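Novice: If it helps, the file is called model-v5.pdb and holds PDB, C-alpha atoms, pLDDT in the B column:
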MODEL        1
ATOM      1  CA  LYS A   1       0.000   0.000   0.000  1.00 63.00           C
ATOM      2  CA  ALA A   2       1.603   3.264  -1.117  1.00 76.00           C
ATOM      3  CA  GLY A   3       2.100   5.918   1.529  1.00 92.00           C
ATOM      4  CA  VAL A   4       1.449   9.646   1.369  1.00 96.00           C
ATOM      5  CA  THR A   5       3.510  11.236  -1.398  1.00 97.00           C
ATOM      6  CA  GLN A   6       4.588  14.854  -1.319  1.00 97.00           C
ATOM      7  CA  THR A   7       6.260  16.657  -4.174  1.00 97.00           C
ATOM      8  CA  PRO A   8       8.613  18.331  -4.551  1.00 97.00           C
ATOM      9  CA  ARG A   9      10.763  17.289  -1.592  1.00 96.00           C
ATOM     10  CA  TYR A  10      13.007  20.334  -1.718  1.00 97.00           C
ATOM     11  CA  LEU A  11      12.674  23.674  -3.395  1.00 96.00           C
ATOM     12  CA  ILE A  12      14.277  27.085  -3.308  1.00 98.00           C
ATOM     13  CA  LYS A  13      12.369  30.231  -4.203  1.00 97.00           C
ATOM     14  CA  THR A  14      12.998  33.941  -3.934  1.00 97.00           C
ATOM     15  CA  ARG A  15      10.874  36.527  -2.165  1.00 97.00           C
ATOM     16  CA  GLY A  16       7.783  37.525  -4.096  1.00 97.00           C
ATOM     17  CA  GLN A  17       7.518  34.277  -6.036  1.00 98.00           C
ATOM     18  CA  GLN A  18       4.781  31.742  -5.540  1.00 98.00           C
ATOM     19  CA  VAL A  19       4.975  28.016  -4.911  1.00 98.00           C
ATOM     20  CA  THR A  20       2.663  25.051  -5.305  1.00 98.00           C
ATOM     21  CA  LEU A  21       3.110  21.879  -3.285  1.00 98.00           C
ATOM     22  CA  SER A  22       1.363  18.596  -3.989  1.00 98.00           C
ATOM     23  CA  CYS A  23       0.143  15.803  -1.727  1.00 98.00           C
ATOM     24  CA  SER A  24      -1.190  12.430  -2.854  1.00 97.00           C
ATOM     25  CA  PRO A  25      -2.961  10.630   0.012  1.00 96.00           C
ATOM     26  CA  ILE A  26      -3.224   6.963   0.739  1.00 95.00           C
ATOM     27  CA  SER A  27      -5.711   5.320  -1.589  1.00 93.00           C
ATOM     28  CA  GLY A  28      -9.195   5.538  -0.116  1.00 91.00           C
ATOM     29  CA  HIS A  29      -8.387   8.390   2.268  1.00 92.00           C
ATOM     30  CA  ARG A  30     -10.606  11.390   1.654  1.00 92.00           C
ATOM     31  CA  SER A  31      -9.122  13.787   4.235  1.00 93.00           C
ATOM     32  CA  VAL A  32      -5.913  15.685   3.587  1.00 95.00           C
ATOM     33  CA  SER A  33      -4.517  18.140   6.114  1.00 95.00           C
ATOM     34  CA  TRP A  34      -1.545  20.480   5.760  1.00 97.00           C
ATOM     35  CA  TYR A  35       0.925  21.685   8.368  1.00 97.00           C
ATOM     36  CA  GLN A  36       3.832  24.116   8.537  1.00 97.00           C
ATOM     37  CA  GLN A  37       6.826  23.345  10.720  1.00 96.00           C
ATOM     38  CA  THR A  38       9.435  25.968  11.615  1.00 95.00           C
ATOM     39  CA  PRO A  39      12.099  25.992  14.329  1.00 90.00           C
ATOM     40  CA  GLY A  40      10.460  28.983  15.996  1.00 88.00           C
ATOM     41  CA  GLN A  41       6.775  28.093  15.846  1.00 90.00           C
ATOM     42  CA  GLY A  42       6.900  24.311  15.706  1.00 91.00           C
ATOM     43  CA  LEU A  43       4.082  22.498  13.956  1.00 95.00           C
ATOM     44  CA  GLN A  44       1.058  24.560  12.986  1.00 95.00           C
ATOM     45  CA  PHE A  45      -2.157  23.543  11.271  1.00 94.00           C
ATOM     46  CA  LEU A  46      -2.747  25.168   7.880  1.00 96.00           C
ATOM     47  CA  PHE A  47      -5.981  23.638   6.551  1.00 92.00           C
ATOM     48  CA  GLU A  48      -7.907  20.427   6.077  1.00 93.00           C
ATOM     49  CA  TYR A  49      -9.833  19.171   3.064  1.00 94.00           C
ATOM     50  CA  PHE A  50     -12.391  16.410   2.838  1.00 93.00           C
ATOM     51  CA  SER A  51     -14.077  15.433  -0.407  1.00 92.00           C
ATOM     52  CA  GLU A  52     -12.914  18.646  -2.101  1.00 94.00           C
ATOM     53  CA  THR A  53     -14.259  20.903   0.691  1.00 94.00           C
ATOM     54  CA  GLN A  54     -12.102  22.925   3.057  1.00 93.00           C
ATOM     55  CA  ARG A  55     -13.461  22.188   6.522  1.00 90.00           C
ATOM     56  CA  ASN A  56     -11.082  24.216   8.646  1.00 90.00           C
ATOM     57  CA  LYS A  57      -8.269  26.719   8.283  1.00 92.00           C
ATOM     58  CA  GLY A  58      -5.519  27.732  10.655  1.00 92.00           C
ATOM     59  CA  ASN A  59      -4.368  31.241  11.460  1.00 92.00           C
ATOM     60  CA  PHE A  60      -2.422  31.973   8.322  1.00 96.00           C
ATOM     61  CA  PRO A  61      -2.729  34.898   5.917  1.00 96.00           C
ATOM     62  CA  GLY A  62      -4.693  34.635   2.697  1.00 95.00           C
ATOM     63  CA  ARG A  63      -1.439  34.083   0.783  1.00 97.00           C
ATOM     64  CA  PHE A  64      -1.767  30.473   1.876  1.00 98.00           C
ATOM     65  CA  SER A  65      -4.419  28.587  -0.027  1.00 97.00           C
ATOM     66  CA  GLY A  66      -5.201  25.060  -1.019  1.00 97.00           C
ATOM     67  CA  ARG A  67      -7.531  22.822  -2.892  1.00 97.00           C
ATOM     68  CA  GLN A  68      -8.443  19.178  -3.218  1.00 97.00           C
ATOM     69  CA  PHE A  69      -9.280  17.330  -6.384  1.00 97.00           C
ATOM     70  CA  SER A  70     -11.882  14.634  -6.974  1.00 95.00           C
ATOM     71  CA  ASN A  71      -9.207  11.931  -6.638  1.00 94.00           C
ATOM     72  CA  SER A  72      -8.374  13.330  -3.148  1.00 95.00           C
ATOM     73  CA  ARG A  73      -4.995  14.682  -4.220  1.00 97.00           C
ATOM     74  CA  SER A  74      -4.398  18.079  -2.702  1.00 98.00           C
ATOM     75  CA  GLU A  75      -2.283  21.089  -3.507  1.00 98.00           C
ATOM     76  CA  MET A  76      -1.336  24.068  -1.422  1.00 98.00           C
ATOM     77  CA  ASN A  77      -0.163  27.371  -2.806  1.00 98.00           C
ATOM     78  CA  VAL A  78       1.763  30.175  -1.192  1.00 98.00           C
ATOM     79  CA  SER A  79       1.821  33.436  -3.105  1.00 96.00           C
ATOM     80  CA  THR A  80       4.111  36.442  -2.675  1.00 97.00           C
ATOM     81  CA  LEU A  81       6.638  34.428  -0.707  1.00 98.00           C
ATOM     82  CA  GLU A  82       8.303  35.961   2.340  1.00 97.00           C
ATOM     83  CA  LEU A  83      11.500  34.892   4.087  1.00 97.00           C
ATOM     84  CA  GLY A  84       9.401  33.669   7.014  1.00 96.00           C
ATOM     85  CA  ASP A  85       7.650  31.148   4.787  1.00 97.00           C
ATOM     86  CA  SER A  86      10.808  29.022   4.793  1.00 97.00           C
ATOM     87  CA  ALA A  87       9.662  25.847   6.486  1.00 97.00           C
ATOM     88  CA  LEU A  88       8.944  22.170   6.211  1.00 96.00           C
ATOM     89  CA  TYR A  89       5.433  21.707   4.829  1.00 97.00           C
ATOM     90  CA  LEU A  90       3.824  18.422   5.758  1.00 96.00           C
ATOM     91  CA  CYS A  91       0.608  16.870   4.653  1.00 96.00           C
ATOM     92  CA  ALA A  92      -1.233  13.984   6.247  1.00 95.00           C
ATOM     93  CA  SER A  93      -4.107  11.849   5.128  1.00 95.00           C
ATOM     94  CA  SER A  94      -6.790   9.994   7.026  1.00 91.00           C
ATOM     95  CA  SER A  95     -10.035   8.264   6.267  1.00 87.00           C
ATOM     96  CA  GLN A  96     -12.369  10.772   7.907  1.00 82.00           C
ATOM     97  CA  GLY A  97     -10.506  13.758   9.308  1.00 74.00           C
ATOM     98  CA  ALA A  98      -7.512  14.969  11.235  1.00 71.00           C
ATOM     99  CA  GLY A  99      -9.245  15.623  14.529  1.00 71.00           C
ATOM    100  CA  ALA A 100      -9.961  12.143  15.740  1.00 70.00           C
ATOM    101  CA  ASN A 101      -8.530   9.698  13.227  1.00 80.00           C
ATOM    102  CA  VAL A 102      -5.140   8.101  12.751  1.00 86.00           C
ATOM    103  CA  LEU A 103      -2.979  10.198  10.444  1.00 90.00           C
ATOM    104  CA  THR A 104      -0.376   9.106   7.922  1.00 94.00           C
ATOM    105  CA  PHE A 105       2.154  11.806   7.131  1.00 95.00           C
ATOM    106  CA  GLY A 106       4.118  12.438   3.996  1.00 96.00           C
ATOM    107  CA  ALA A 107       7.865  13.063   4.076  1.00 95.00           C
ATOM    108  CA  GLY A 108       7.353  16.802   3.645  1.00 95.00           C
ATOM    109  CA  SER A 109       8.375  19.527   1.232  1.00 97.00           C
ATOM    110  CA  ARG A 110      11.216  21.692   2.484  1.00 96.00           C
ATOM    111  CA  LEU A 111      10.855  25.231   1.164  1.00 98.00           C
ATOM    112  CA  THR A 112      13.673  27.748   1.361  1.00 97.00           C
ATOM    113  CA  VAL A 113      12.890  31.360   0.498  1.00 97.00           C
ATOM    114  CA  LEU A 114      15.882  33.556  -0.331  1.00 96.00           C
TER     115      LEU A 114
ATOM    116  CA  LYS B   1      -0.323  29.861  27.926  1.00 59.00           C
ATOM    117  CA  ASN B   2      -0.156  27.288  25.150  1.00 69.00           C
ATOM    118  CA  GLU B   3      -3.142  25.014  24.735  1.00 88.00           C
ATOM    119  CA  VAL B   4      -0.810  21.986  24.676  1.00 94.00           C
ATOM    120  CA  GLU B   5       2.190  21.767  27.002  1.00 95.00           C
ATOM    121  CA  GLN B   6       4.826  19.054  26.873  1.00 96.00           C
ATOM    122  CA  SER B   7       7.517  18.166  29.372  1.00 96.00           C
ATOM    123  CA  PRO B   8      10.380  17.787  29.458  1.00 97.00           C
ATOM    124  CA  GLN B   9      11.572  19.728  26.415  1.00 96.00           C
ATOM    125  CA  ASN B  10      14.783  17.706  26.272  1.00 97.00           C
ATOM    126  CA  LEU B  11      15.572  14.326  27.780  1.00 97.00           C
ATOM    127  CA  THR B  12      18.818  12.369  27.689  1.00 98.00           C
ATOM    128  CA  ALA B  13      18.913   8.867  29.095  1.00 97.00           C
ATOM    129  CA  GLN B  14      21.031   5.729  29.060  1.00 98.00           C
ATOM    130  CA  GLU B  15      20.055   2.754  26.958  1.00 98.00           C
ATOM    131  CA  GLY B  16      17.652   0.519  28.841  1.00 97.00           C
ATOM    132  CA  GLU B  17      16.085   3.239  30.981  1.00 98.00           C
ATOM    133  CA  PHE B  18      12.337   3.721  31.357  1.00 98.00           C
ATOM    134  CA  ILE B  19      11.245   6.952  29.667  1.00 98.00           C
ATOM    135  CA  THR B  20       8.197   9.108  30.405  1.00 98.00           C
ATOM    136  CA  ILE B  21       7.086  12.110  28.355  1.00 98.00           C
ATOM    137  CA  ASN B  22       4.131  14.166  29.526  1.00 98.00           C
ATOM    138  CA  CYS B  23       1.497  16.186  27.701  1.00 97.00           C
ATOM    139  CA  SER B  24      -1.095  18.481  29.275  1.00 96.00           C
ATOM    140  CA  TYR B  25      -3.823  20.307  27.431  1.00 94.00           C
ATOM    141  CA  SER B  26      -6.337  22.953  28.379  1.00 89.00           C
ATOM    142  CA  VAL B  27      -9.155  22.438  25.874  1.00 80.00           C
ATOM    143  CA  GLY B  28     -11.818  19.814  25.404  1.00 80.00           C
ATOM    144  CA  ILE B  29     -10.689  17.191  22.939  1.00 84.00           C
ATOM    145  CA  SER B  30     -11.903  14.175  21.058  1.00 84.00           C
ATOM    146  CA  ALA B  31      -8.513  12.547  20.668  1.00 89.00           C
ATOM    147  CA  LEU B  32      -4.836  12.947  21.478  1.00 93.00           C
ATOM    148  CA  HIS B  33      -2.098  11.930  19.085  1.00 94.00           C
ATOM    149  CA  TRP B  34       1.474  10.963  19.879  1.00 97.00           C
ATOM    150  CA  LEU B  35       3.837  11.488  16.962  1.00 97.00           C
ATOM    151  CA  GLN B  36       7.493  10.633  16.435  1.00 97.00           C
ATOM    152  CA  GLN B  37       9.796  12.714  14.246  1.00 96.00           C
ATOM    153  CA  HIS B  38      13.284  11.569  13.324  1.00 91.00           C
ATOM    154  CA  PRO B  39      16.026  13.854  11.940  1.00 84.00           C
ATOM    155  CA  GLY B  40      15.171  14.579   8.338  1.00 77.00           C
ATOM    156  CA  GLY B  41      11.608  15.472   9.157  1.00 74.00           C
ATOM    157  CA  GLY B  42       9.411  12.431   8.587  1.00 87.00           C
ATOM    158  CA  ILE B  43       6.601  12.074  11.125  1.00 94.00           C
ATOM    159  CA  VAL B  44       5.137   8.764  12.208  1.00 94.00           C
ATOM    160  CA  SER B  45       1.897   8.443  14.130  1.00 94.00           C
ATOM    161  CA  LEU B  46       2.508   6.297  17.221  1.00 95.00           C
ATOM    162  CA  PHE B  47      -0.864   6.418  18.935  1.00 94.00           C
ATOM    163  CA  MET B  48      -4.229   8.037  18.744  1.00 92.00           C
ATOM    164  CA  LEU B  49      -6.259   7.703  21.931  1.00 91.00           C
ATOM    165  CA  SER B  50      -9.358   9.158  23.454  1.00 89.00           C
ATOM    166  CA  SER B  51      -9.429   7.204  26.721  1.00 91.00           C
ATOM    167  CA  GLY B  52      -7.472   4.701  28.750  1.00 94.00           C
ATOM    168  CA  LYS B  53      -4.274   3.137  27.597  1.00 96.00           C
ATOM    169  CA  LYS B  54      -2.710   1.726  24.434  1.00 96.00           C
ATOM    170  CA  LYS B  55       0.395  -0.390  24.012  1.00 96.00           C
ATOM    171  CA  HIS B  56       2.518  -1.135  20.976  1.00 95.00           C
ATOM    172  CA  GLY B  57       5.711  -3.048  21.531  1.00 96.00           C
ATOM    173  CA  ARG B  58       7.826  -1.105  24.020  1.00 97.00           C
ATOM    174  CA  LEU B  59       5.637   1.983  23.792  1.00 97.00           C
ATOM    175  CA  ILE B  60       2.708   2.700  26.095  1.00 98.00           C
ATOM    176  CA  ALA B  61       0.409   5.721  25.949  1.00 98.00           C
ATOM    177  CA  THR B  62      -2.109   6.702  28.602  1.00 97.00           C
ATOM    178  CA  ILE B  63      -4.646   9.485  28.822  1.00 96.00           C
ATOM    179  CA  ASN B  64      -6.674  10.913  31.718  1.00 95.00           C
ATOM    180  CA  ILE B  65      -9.505  12.926  30.224  1.00 91.00           C
ATOM    181  CA  GLN B  66     -10.610  14.404  33.567  1.00 91.00           C
ATOM    182  CA  GLU B  67      -7.118  15.676  34.339  1.00 93.00           C
ATOM    183  CA  LYS B  68      -6.438  16.659  30.709  1.00 93.00           C
ATOM    184  CA  HIS B  69      -3.128  14.801  30.769  1.00 96.00           C
ATOM    185  CA  SER B  70      -1.418  12.118  28.729  1.00 97.00           C
ATOM    186  CA  SER B  71       1.865  10.267  29.083  1.00 98.00           C
ATOM    187  CA  LEU B  72       4.027   8.370  26.632  1.00 98.00           C
ATOM    188  CA  HIS B  73       6.233   5.692  28.155  1.00 98.00           C
ATOM    189  CA  ILE B  74       9.097   3.830  26.512  1.00 98.00           C
ATOM    190  CA  THR B  75      10.348   0.690  28.231  1.00 97.00           C
ATOM    191  CA  ALA B  76      13.881  -0.666  27.704  1.00 97.00           C
ATOM    192  CA  SER B  77      14.871   2.406  25.707  1.00 97.00           C
ATOM    193  CA  HIS B  78      17.219   1.985  22.745  1.00 97.00           C
ATOM    194  CA  PRO B  79      19.326   4.477  20.761  1.00 96.00           C
ATOM    195  CA  ARG B  80      16.938   4.076  17.818  1.00 95.00           C
ATOM    196  CA  ASP B  81      14.244   5.647  20.019  1.00 96.00           C
ATOM    197  CA  SER B  82      16.159   8.931  19.784  1.00 96.00           C
ATOM    198  CA  ALA B  83      13.760  11.344  18.112  1.00 97.00           C
ATOM    199  CA  VAL B  84      11.413  14.231  18.815  1.00 97.00           C
ATOM    200  CA  TYR B  85       8.099  13.156  20.314  1.00 98.00           C
ATOM    201  CA  ILE B  86       5.136  15.443  19.734  1.00 97.00           C
ATOM    202  CA  CYS B  87       1.667  15.344  21.178  1.00 96.00           C
ATOM    203  CA  ALA B  88      -1.265  16.881  19.375  1.00 94.00           C
ATOM    204  CA  VAL B  89      -4.925  17.252  20.292  1.00 92.00           C
ATOM    205  CA  GLY B  90      -7.911  17.250  18.007  1.00 86.00           C
ATOM    206  CA  THR B  91     -11.635  17.565  18.125  1.00 75.00           C
ATOM    207  CA  PHE B  92     -14.063  15.483  16.100  1.00 68.00           C
ATOM    208  CA  GLY B  93     -15.776  17.678  13.579  1.00 68.00           C
ATOM    209  CA  ASN B  94     -13.202  20.446  13.974  1.00 71.00           C
ATOM    210  CA  GLU B  95     -10.358  18.624  12.189  1.00 74.00           C
ATOM    211  CA  LYS B  96      -7.797  21.144  13.446  1.00 85.00           C
ATOM    212  CA  LEU B  97      -4.856  19.691  15.350  1.00 89.00           C
ATOM    213  CA  THR B  98      -3.043  21.734  17.985  1.00 91.00           C
ATOM    214  CA  PHE B  99       0.503  20.627  18.676  1.00 94.00           C
ATOM    215  CA  GLY B 100       2.819  20.643  21.648  1.00 94.00           C
ATOM    216  CA  THR B 101       6.349  21.928  21.199  1.00 93.00           C
ATOM    217  CA  GLY B 102       7.864  18.461  21.279  1.00 95.00           C
ATOM    218  CA  THR B 103      10.278  16.540  23.494  1.00 97.00           C
ATOM    219  CA  ARG B 104      13.719  15.807  22.098  1.00 96.00           C
ATOM    220  CA  LEU B 105      14.784  12.379  23.373  1.00 97.00           C
ATOM    221  CA  THR B 106      18.380  11.172  23.144  1.00 97.00           C
ATOM    222  CA  ILE B 107      19.261   7.645  24.212  1.00 97.00           C
ATOM    223  CA  ILE B 108      22.957   7.061  24.840  1.00 97.00           C
ATOM    224  CA  PRO B 109      24.349   3.556  24.230  1.00 95.00           C
TER     225      PRO B 109
ENDMDL
END
Would you kindly transcribe this structure into structure tokens?
Specialist:
Amino acid sequence: KAGVTQTPRYLIKTRGQQVTLSCSPISGHRSVSWYQQTPGQGLQFLFEYFSETQRNKGNFPGRFSGRQFSNSRSEMNVSTLELGDSALYLCASSSQGAGANVLTFGAGSRLTVL
Amino acid sequence: KNEVEQSPQNLTAQEGEFITINCSYSVGISALHWLQQHPGGGIVSLFMLSSGKKKHGRLIATINIQEKHSSLHITASHPRDSAVYICAVGTFGNEKLTFGTGTRLTIIP
């Protein structure tokens, strides 16, 4: 059974650019959640999607957005990149939702903003 | 005050020692997750529990809903247990996880 796949694994961008990260969940999982991890703030919840609907969003500016496709694959986008957006971005999938279900995490996408 | 507090922040122990990591939270929850993160970033879910106790190999997790407290125990610790352990709380229907700051565990051979 394939795990959660995140692409790309590493990327370097410059301030002002935008970036799109992809997450393919475990087959059959309909919930995909996204997280940002930085040394200063630790792990923080970005948003969660279930059957193409965003059900919850963390306290991040509107530059952070996401979507989910009918095959449950999800993408997140960060526009007008800032230095502080440098982080490890993780996604996780579950059958029903992140709140009270076992999560399977991807390996993460490490974004560096110069 | 953070909604989820973990202690200790750092823990160094000798191989074979019994390890306890604590997590306290201040909000009502549906479930508490214990996660393990090795250098390089990958996160593995160890336990998800909403009551009582769960055991998997040398790992044991307990939760006391009334006291809003959970513990992760590692018996017969091994250097491969060296990692950051993170607790996170979630609410059914809310789908938003709130994370503790993590406990960095180092097991010395």
Novice: Can you check which parts of chain A lie within 10 Å of chain B? Per residue, the shortest pair of atoms and distance in Å to one decimal, counting all atoms listed in the file, sorted by chain and number, as a tab-separated table.
Specialist:
residue	atom	partner	partner_atom	distance
A:Ser31	CA	B:Glu95	CA	9.4
A:Ser33	CA	B:Glu95	CA	8.4
A:Trp34	CA	B:Lys96	CA	9.9
A:Tyr35	CA	B:Leu97	CA	9.3
A:Gln37	CA	B:Gly41	CA	9.3
A:Pro39	CA	B:Thr101	CA	9.8
A:Gly40	CA	B:Thr101	CA	9.7
A:Gln41	CA	B:Thr101	CA	8.2
A:Gly42	CA	B:Thr101	CA	6.0
A:Leu43	CA	B:Phe99	CA	6.2
A:Gln44	CA	B:Phe99	CA	6.9
A:Phe45	CA	B:Leu97	CA	6.2
A:Leu46	CA	B:Lys96	CA	8.5
A:Phe47	CA	B:Lys96	CA	7.6
A:Glu48	CA	B:Glu95	CA	6.8
A:Tyr49	CA	B:Glu95	CA	9.2
A:Phe50	CA	B:Glu95	CA	9.8
A:Arg55	CA	B:Glu95	CA	7.4
A:Asn56	CA	B:Lys96	CA	6.6
A:Lys57	CA	B:Lys96	CA	7.6
A:Gly58	CA	B:Lys96	CA	7.5
A:Leu88	CA	B:Gly41	CA	7.8
A:Tyr89	CA	B:Gly41	CA	9.8
A:Leu90	CA	B:Gly42	CA	8.7
A:Ala92	CA	B:Ile43	CA	9.4
A:Gln96	CA	B:Glu95	CA	9.2
A:Gly97	CA	B:Glu95	CA	5.7
A:Ala98	CA	B:Glu95	CA	4.7
A:Gly99	CA	B:Glu95	CA	4.0
A:Ala100	CA	B:Ala31	CA	5.2
A:Asn101	CA	B:Met48	CA	7.2
A:Val102	CA	B:Met48	CA	6.1
A:Leu103	CA	B:Ser45	CA	6.4
A:Thr104	CA	B:Ser45	CA	6.6
A:Phe105	CA	B:Ile43	CA	6.0
A:Gly106	CA	B:Gly42	CA	7.0
A:Ala107	CA	B:Gly42	CA	4.8
A:Gly108	CA	B:Gly42	CA	6.9
A:Ser109	CA	B:Gly41	CA	9.5
A:Arg110	CA	B:Gly41	CA	9.1
Novice: Deliver the residues from the most recent selection as a file, using C-alpha atoms, as an mmCIF file, keeping the file's coordinate frame.
Specialist:
data_model
loop_
_atom_site.group_PDB
_atom_site.id
_atom_site.type_symbol
_atom_site.label_atom_id
_atom_site.label_comp_id
_atom_site.auth_asym_id
_atom_site.auth_seq_id
_atom_site.Cartn_x
_atom_site.Cartn_y
_atom_site.Cartn_z
ATOM 1 C CA SER A 31 -9.122 13.787 4.235
ATOM 2 C CA SER A 33 -4.517 18.140 6.114
ATOM 3 C CA TRP A 34 -1.545 20.480 5.760
ATOM 4 C CA TYR A 35 0.925 21.685 8.368
ATOM 5 C CA GLN A 37 6.826 23.345 10.720
ATOM 6 C CA PRO A 39 12.099 25.992 14.329
ATOM 7 C CA GLY A 40 10.460 28.983 15.996
ATOM 8 C CA GLN A 41 6.775 28.093 15.846
ATOM 9 C CA GLY A 42 6.900 24.311 15.706
ATOM 10 C CA LEU A 43 4.082 22.498 13.956
ATOM 11 C CA GLN A 44 1.058 24.560 12.986
ATOM 12 C CA PHE A 45 -2.157 23.543 11.271
ATOM 13 C CA LEU A 46 -2.747 25.168 7.880
ATOM 14 C CA PHE A 47 -5.981 23.638 6.551
ATOM 15 C CA GLU A 48 -7.907 20.427 6.077
ATOM 16 C CA TYR A 49 -9.833 19.171 3.064
ATOM 17 C CA PHE A 50 -12.391 16.410 2.838
ATOM 18 C CA ARG A 55 -13.461 22.188 6.522
ATOM 19 C CA ASN A 56 -11.082 24.216 8.646
ATOM 20 C CA LYS A 57 -8.269 26.719 8.283
ATOM 21 C CA GLY A 58 -5.519 27.732 10.655
ATOM 22 C CA LEU A 88 8.944 22.170 6.211
ATOM 23 C CA TYR A 89 5.433 21.707 4.829
ATOM 24 C CA LEU A 90 3.824 18.422 5.758
ATOM 25 C CA ALA A 92 -1.233 13.984 6.247
ATOM 26 C CA GLN A 96 -12.369 10.772 7.907
ATOM 27 C CA GLY A 97 -10.506 13.758 9.308
ATOM 28 C CA ALA A 98 -7.512 14.969 11.235
ATOM 29 C CA GLY A 99 -9.245 15.623 14.529
ATOM 30 C CA ALA A 100 -9.961 12.143 15.740
ATOM 31 C CA ASN A 101 -8.530 9.698 13.227
ATOM 32 C CA VAL A 102 -5.140 8.101 12.751
ATOM 33 C CA LEU A 103 -2.979 10.198 10.444
ATOM 34 C CA THR A 104 -0.376 9.106 7.922
ATOM 35 C CA PHE A 105 2.154 11.806 7.131
ATOM 36 C CA GLY A 106 4.118 12.438 3.996
ATOM 37 C CA ALA A 107 7.865 13.063 4.076
ATOM 38 C CA GLY A 108 7.353 16.802 3.645
ATOM 39 C CA SER A 109 8.375 19.527 1.232
ATOM 40 C CA ARG A 110 11.216 21.692 2.484
#
Novice: Restricting the calculation to all atoms listed in the file: of A:Ala87, A:Gly66, A:Thr112, A:Ser93, which residue gets closest to Thr38 in chain A?
Specialist: A:Ala87
Novice: Could you work out how far CA of Lys53 in chain B lies from CA of Arg80 in chain B, giving the answer in Å with one decimal?
Specialist: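 According to the coordinates, CA of Arg80 in chain B and CA of Lys53 in chain B are separated by 23.4 Å.
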Novice: Kindly give the distance, in Å, that separates CA of Glu67 in chain B and CA of Val4 in chain B, rounded to a single decimal.
Specialist: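 Computing it gives 13.2 Å between the two atoms.
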Novice: Mind telling me what the PyMOL selection byres ((chain A and resi 12) around 9) catches here, as a ChimeraX atom specification?
Specialist: /A:10-11,13-14,110-114
Novice: Using all atoms listed in the file - which residues lie no farther than 12 Å from the point (12.1, 0.1, 27.7) in the file's frame? Write them as a list in words.
Specialist: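 Output: Ala13, Gln14, Glu15, Gly16, Glu17, Phe18, Ile19, Thr20, His56, Gly57, Arg58, Leu59, Ile60, Leu72, His73, Ile74, Thr75, Ala76, Ser77, His78, Pro79, Arg80, Asp81 and Ile107 of chain B.
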Novice: In Å to one decimal, how far is CA of Ser94 in chain A from CA of Arg30 in chain A?
Specialist: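 Pair CA of Arg30 in chain A / CA of Ser94 in chain A returns 6.7 Å.
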Novice: So which one's closest to Gln66 in chain B, B:Pro8, B:Pro39, B:Pro109, B:Gly28? Using only C-alpha atoms, please.
Specialist: B:Gly28
